[in-house]
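Reading through the structure tokens given below for one structure.
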Amino acid sequence: VRSLTVEVSYDDGTTWQKAKVRSTGRGWVAGVKHPGQPGYVSLRAKAVDSAGNTVTQSVVRAYRLI
């Protein structure tokens with residue numbers, strides 16, 4: 001993986017915010033800041049490899065905040 005972007009949504013994917021992503025040398029880590037209220041978190045990631053191939057994955061309501 002040459003690059004990775006991750007976005008987070010708290011309204012079922014209506015709006016998205018970029019998450020901070022960093023390479024650790026052994027993989028990738030994305031950090032998200034949760035709002036101070038219950039609800040659902042949706043995630044969207046896009047990876048690009050060294051040949052320019054891309055994949056995008058979205059998970060609406062990936063997990064719940066209580």
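Every chain in the structure tokens has a letter given in the order shown (A, B, ...), and although residue numbers restart at 1 in each chain, ligands are simply numbered from 1 in the order shown.
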
Within 9 Å of stretch 14-26 of chain A using only C-alpha atoms, minus same-chain residues under 6 positions, as JSON, numbers by chain
{"A": [3, 4, 5, 6, 7, 8, 32, 33, 42, 43, 44]}

Can you check which residues of chain A DSSP gives as strand (DSSP E or B) on the backbone and send them as a ChimeraX atom specification?
/A:3-9,17-18,20-23,28-31,39-48,54-65

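Nearest-residue note for A:Leu65: choosing from A:Ala45, A:Asp12, A:Tyr40, A:Ala51, the minimum distance belongs to A:Tyr40, counting only C-alpha atoms.
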
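When atom CA of A:Ser9 is paired with atom CA of A:Gly52, their separation reads 26.3 Å.
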
If we count only C-alpha atoms, what is near A:Ser50 at a cut-off of 7 Å, once residues fewer than 2 positions away on the same chain are taken out, given as a PyMOL selection string?
chain A and resi 1-2+48+52

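Across the structure, atom CA of A:Gln57 and atom CA of A:Gly39 are spaced 20.8 Å apart.
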